[in-house]
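Asks: What follows is a structure written as structure tokens; I'll ask about it next.
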Amino acid sequence: DCEVKFSDKNACCVIMASKGYPESYEKGYEITMPDGELIYVAGAALKDGKLLTSGGRVLGVTATAGDLKTAIDKAYALTEKVHFGNAYKRSDIGQKALKALEV
């Protein structure tokens, strides 16, 4: 069982992947990230007490805010506090939605 909650806030989730995904990528890089933030762990595994990359899509770094631009800015700012070797992220997440809001 899990509790589902809804919010009227805007959200942005930036996927941090291993460079080379989806074709070919290395695994086993140690991941460091701040505590208490909304980061979904996907392609990672615990080994000897350390969180290591183990897949192509490694993390979903997520932020919410009252408006979309702020949510996007917060999510990207949070990605700067997350580190692992060979990390890659797109820089255009949310841009189409922001342009659509301008119309």
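Letters for chains follow the order of the structure tokens (A, B, ...), residue numbers begin at 1 for each chain, and ligand numbers begin at 1 in the order shown.
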Name the residues in contact with Gly28 in chain A at a cut-off of 12 Å, using only C-alpha atoms, excluding same-chain residues fewer than 5 positions from it; report them as a PyMOL selection string.
Replies: chain A and resi 18+43-48+50-56+58+84-87
Asks: Using the chain letters and numbers from this document, which residues of range 34-95 of chain A does DSSP assign to helix (DSSP H, G or I), as number ranges by chain?
Replies: A: 68-79, 95
Asks: Now that the selection is made, can you save its residues with N, CA, C and O atoms as a PDB file, in the first residue's frame?
Replies:
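Below is the file part_31.pdb, written as the result:
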```
ATOM      1  N   LEU A  68       6.050  27.021 -13.223  1.00  0.00           N
ATOM      2  CA  LEU A  68       6.884  26.048 -13.937  1.00  0.00           C
ATOM      3  C   LEU A  68       8.335  26.485 -14.055  1.00  0.00           C
ATOM      4  O   LEU A  68       9.242  25.688 -13.852  1.00  0.00           O
ATOM      5  N   LYS A  69       8.580  27.741 -14.382  1.00  0.00           N
ATOM      6  CA  LYS A  69       9.969  28.206 -14.538  1.00  0.00           C
ATOM      7  C   LYS A  69      10.760  27.997 -13.262  1.00  0.00           C
ATOM      8  O   LYS A  69      11.907  27.534 -13.298  1.00  0.00           O
ATOM      9  N   THR A  70      10.180  28.314 -12.131  1.00  0.00           N
ATOM     10  CA  THR A  70      10.874  28.135 -10.853  1.00  0.00           C
ATOM     11  C   THR A  70      11.117  26.659 -10.570  1.00  0.00           C
ATOM     12  O   THR A  70      12.195  26.287 -10.093  1.00  0.00           O
ATOM     13  N   ALA A  71      10.147  25.800 -10.881  1.00  0.00           N
ATOM     14  CA  ALA A  71      10.334  24.356 -10.688  1.00  0.00           C
ATOM     15  C   ALA A  71      11.497  23.850 -11.542  1.00  0.00           C
ATOM     16  O   ALA A  71      12.333  23.067 -11.070  1.00  0.00           O
ATOM     17  N   ILE A  72      11.567  24.290 -12.791  1.00  0.00           N
ATOM     18  CA  ILE A  72      12.660  23.891 -13.683  1.00  0.00           C
ATOM     19  C   ILE A  72      13.994  24.378 -13.132  1.00  0.00           C
ATOM     20  O   ILE A  72      14.964  23.612 -13.044  1.00  0.00           O
ATOM     21  N   ASP A  73      14.052  25.644 -12.755  1.00  0.00           N
ATOM     22  CA  ASP A  73      15.295  26.215 -12.218  1.00  0.00           C
ATOM     23  C   ASP A  73      15.752  25.479 -10.961  1.00  0.00           C
ATOM     24  O   ASP A  73      16.942  25.190 -10.791  1.00  0.00           O
ATOM     25  N   LYS A  74      14.807  25.153 -10.077  1.00  0.00           N
ATOM     26  CA  LYS A  74      15.144  24.434  -8.846  1.00  0.00           C
ATOM     27  C   LYS A  74      15.651  23.026  -9.139  1.00  0.00           C
ATOM     28  O   LYS A  74      16.603  22.562  -8.510  1.00  0.00           O
ATOM     29  N   ALA A  75      15.023  22.343 -10.095  1.00  0.00           N
ATOM     30  CA  ALA A  75      15.458  20.985 -10.441  1.00  0.00           C
ATOM     31  C   ALA A  75      16.881  21.003 -10.995  1.00  0.00           C
ATOM     32  O   ALA A  75      17.722  20.190 -10.597  1.00  0.00           O
ATOM     33  N   TYR A  76      17.166  21.927 -11.903  1.00  0.00           N
ATOM     34  CA  TYR A  76      18.517  22.006 -12.453  1.00  0.00           C
ATOM     35  C   TYR A  76      19.540  22.422 -11.397  1.00  0.00           C
ATOM     36  O   TYR A  76      20.671  21.923 -11.393  1.00  0.00           O
ATOM     37  N   ALA A  77      19.160  23.315 -10.487  1.00  0.00           N
ATOM     38  CA  ALA A  77      20.068  23.692  -9.397  1.00  0.00           C
ATOM     39  C   ALA A  77      20.385  22.482  -8.525  1.00  0.00           C
ATOM     40  O   ALA A  77      21.525  22.288  -8.091  1.00  0.00           O
ATOM     41  N   LEU A  78      19.394  21.642  -8.286  1.00  0.00           N
ATOM     42  CA  LEU A  78      19.608  20.442  -7.481  1.00  0.00           C
ATOM     43  C   LEU A  78      20.529  19.455  -8.186  1.00  0.00           C
ATOM     44  O   LEU A  78      21.338  18.788  -7.542  1.00  0.00           O
ATOM     45  N   THR A  79      20.451  19.362  -9.529  1.00  0.00           N
ATOM     46  CA  THR A  79      21.358  18.452 -10.248  1.00  0.00           C
ATOM     47  C   THR A  79      22.816  18.831 -10.037  1.00  0.00           C
ATOM     48  O   THR A  79      23.695  17.977 -10.120  1.00  0.00           O
ATOM     49  N   GLN A  95      11.441  23.235 -21.596  1.00  0.00           N
ATOM     50  CA  GLN A  95      11.479  24.427 -22.445  1.00  0.00           C
ATOM     51  C   GLN A  95      10.281  24.519 -23.396  1.00  0.00           C
ATOM     52  O   GLN A  95       9.757  25.615 -23.632  1.00  0.00           O
TER      53      GLN A  95
END
```
Asks: When you draw a straight line from CA of Asp35 in chain A to CA of Ala97 in chain A, how long is it in Å?
Replies: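 According to the coordinates, CA of Asp35 in chain A and CA of Ala97 in chain A are separated by 29.2 Å.
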Asks: Could you check which of A:Asn10, A:Asp67, A:Leu59, A:Gly36 is closest to His83 in chain A, using only C-alpha atoms?
Replies: A:Leu59
Asks: Could you state the separation of CA of Val82 in chain A and CA of Lys19 in chain A in Å, given to one decimal place?
Replies: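 CA of Val82 in chain A sits 14.9 Å away from CA of Lys19 in chain A.
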Asks: Using DSSP on the backbone coordinates, identify all residues within chain A classified as strand (DSSP E); present the result as number ranges by chain.
Replies: A: 10-18, 39-41, 44-47, 50-53, 57-65, 87-88
Asks: Could you write those residues out with N, CA, C and O atoms, as a tab-separated table (two decimals), in the first residue's frame?
Replies:
```tsv
chain	number	residue	atom	x	y	z
A	10	ASN	N	3.61	23.08	-9.68
A	10	ASN	CA	4.28	22.63	-10.90
A	10	ASN	C	5.48	21.79	-10.51
A	10	ASN	O	6.10	22.03	-9.47
A	11	ALA	N	5.81	20.81	-11.35
A	11	ALA	CA	6.95	19.94	-11.06
A	11	ALA	C	7.84	19.80	-12.29
A	11	ALA	O	7.38	19.90	-13.42
A	12	CYS	N	9.10	19.55	-12.02
A	12	CYS	CA	10.07	19.26	-13.08
A	12	CYS	C	10.97	18.14	-12.59
A	12	CYS	O	11.45	18.16	-11.46
A	13	CYS	N	11.17	17.14	-13.45
A	13	CYS	CA	12.05	16.02	-13.14
A	13	CYS	C	13.11	15.93	-14.23
A	13	CYS	O	12.79	15.73	-15.40
A	14	VAL	N	14.36	16.10	-13.84
A	14	VAL	CA	15.49	16.00	-14.76
A	14	VAL	C	16.16	14.64	-14.54
A	14	VAL	O	16.61	14.34	-13.43
A	15	ILE	N	16.22	13.84	-15.60
A	15	ILE	CA	16.87	12.54	-15.50
A	15	ILE	C	18.38	12.73	-15.62
A	15	ILE	O	18.85	13.38	-16.55
A	16	MET	N	19.09	12.18	-14.66
A	16	MET	CA	20.55	12.12	-14.75
A	16	MET	C	20.90	10.71	-15.18
A	16	MET	O	20.54	9.73	-14.52
A	17	ALA	N	21.56	10.61	-16.32
A	17	ALA	CA	21.87	9.32	-16.91
A	17	ALA	C	23.38	9.13	-16.98
A	17	ALA	O	24.16	10.06	-16.78
A	18	SER	N	23.78	7.91	-17.29
A	18	SER	CA	25.19	7.62	-17.55
A	18	SER	C	25.47	7.97	-19.00
A	18	SER	O	24.71	7.59	-19.91
A	39	ILE	N	14.74	13.00	-4.91
A	39	ILE	CA	15.54	12.37	-5.97
A	39	ILE	C	15.13	10.90	-6.03
A	39	ILE	O	15.27	10.16	-5.06
A	40	TYR	N	14.62	10.51	-7.20
A	40	TYR	CA	14.20	9.13	-7.41
A	40	TYR	C	15.39	8.33	-7.92
A	40	TYR	O	16.02	8.70	-8.91
A	41	VAL	N	15.70	7.25	-7.24
A	41	VAL	CA	16.83	6.40	-7.61
A	41	VAL	C	16.31	5.29	-8.51
A	41	VAL	O	15.37	4.58	-8.15
A	44	ALA	N	20.64	2.31	-9.99
A	44	ALA	CA	21.68	2.35	-8.97
A	44	ALA	C	21.54	1.13	-8.06
A	44	ALA	O	20.49	0.50	-8.00
A	45	ALA	N	22.62	0.81	-7.37
A	45	ALA	CA	22.63	-0.33	-6.46
A	45	ALA	C	23.50	0.00	-5.25
A	45	ALA	O	24.47	0.75	-5.38
A	46	LEU	N	23.14	-0.56	-4.11
A	46	LEU	CA	23.97	-0.43	-2.91
A	46	LEU	C	24.99	-1.56	-2.90
A	46	LEU	O	24.65	-2.73	-3.05
A	47	LYS	N	26.26	-1.19	-2.72
A	47	LYS	CA	27.31	-2.19	-2.62
A	47	LYS	C	28.32	-1.70	-1.59
A	47	LYS	O	28.86	-0.60	-1.71
A	50	LYS	N	27.81	1.78	-0.29
A	50	LYS	CA	27.90	2.91	-1.22
A	50	LYS	C	26.85	2.75	-2.30
A	50	LYS	O	26.55	1.65	-2.74
A	51	LEU	N	26.29	3.88	-2.73
A	51	LEU	CA	25.34	3.89	-3.82
A	51	LEU	C	26.12	4.05	-5.12
A	51	LEU	O	26.85	5.02	-5.29
A	52	LEU	N	25.98	3.06	-6.02
A	52	LEU	CA	26.74	3.04	-7.27
A	52	LEU	C	25.81	3.01	-8.47
A	52	LEU	O	24.72	2.42	-8.41
A	53	THR	N	26.24	3.61	-9.57
A	53	THR	CA	25.46	3.52	-10.80
A	53	THR	C	25.43	2.08	-11.28
A	53	THR	O	26.42	1.36	-11.19
A	57	ARG	N	19.60	5.08	-16.95
A	57	ARG	CA	18.87	6.17	-16.31
A	57	ARG	C	19.09	6.02	-14.82
A	57	ARG	O	18.47	5.18	-14.17
A	58	VAL	N	19.94	6.85	-14.26
A	58	VAL	CA	20.40	6.66	-12.89
A	58	VAL	C	19.46	7.31	-11.87
A	58	VAL	O	19.02	6.66	-10.92
A	59	LEU	N	19.14	8.58	-12.06
A	59	LEU	CA	18.36	9.33	-11.07
A	59	LEU	C	17.33	10.22	-11.74
A	59	LEU	O	17.55	10.71	-12.86
A	60	GLY	N	16.23	10.47	-11.04
A	60	GLY	CA	15.24	11.47	-11.45
A	60	GLY	C	15.25	12.58	-10.41
A	60	GLY	O	14.72	12.42	-9.32
A	61	VAL	N	15.89	13.69	-10.73
A	61	VAL	CA	16.04	14.81	-9.80
A	61	VAL	C	14.83	15.73	-9.98
A	61	VAL	O	14.62	16.27	-11.06
A	62	THR	N	14.06	15.90	-8.92
A	62	THR	CA	12.74	16.52	-9.03
A	62	THR	C	12.60	17.71	-8.09
A	62	THR	O	13.09	17.69	-6.96
A	63	ALA	N	11.89	18.74	-8.58
A	63	ALA	CA	11.59	19.91	-7.75
A	63	ALA	C	10.18	20.38	-8.07
A	63	ALA	O	9.68	20.19	-9.18
A	64	THR	N	9.54	21.01	-7.10
A	64	THR	CA	8.22	21.60	-7.29
A	64	THR	C	8.26	23.07	-6.90
A	64	THR	O	9.10	23.50	-6.11
A	65	ALA	N	7.34	23.83	-7.48
A	65	ALA	CA	7.24	25.27	-7.17
A	65	ALA	C	5.88	25.77	-7.62
A	65	ALA	O	5.15	25.06	-8.32
A	87	ALA	N	28.33	11.32	-15.57
A	87	ALA	CA	26.95	11.82	-15.51
A	87	ALA	C	26.61	12.66	-16.73
A	87	ALA	O	27.44	13.41	-17.25
A	88	TYR	N	25.36	12.53	-17.18
A	88	TYR	CA	24.86	13.30	-18.31
A	88	TYR	C	23.42	13.70	-18.02
A	88	TYR	O	22.65	12.92	-17.45
```
Asks: In Å, with one decimal, what is the gap from CA of Gly20 in chain A to CA of Leu38 in chain A?
Replies: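 Interatomic distance, CA of Gly20 in chain A to CA of Leu38 in chain A: 24.9 Å.
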Asks: Between A:Leu98, A:Ser91, A:Val103, A:Gly49, which has the minimum distance to Glu30 in chain A (counting only C-alpha atoms)?
Replies: A:Gly49
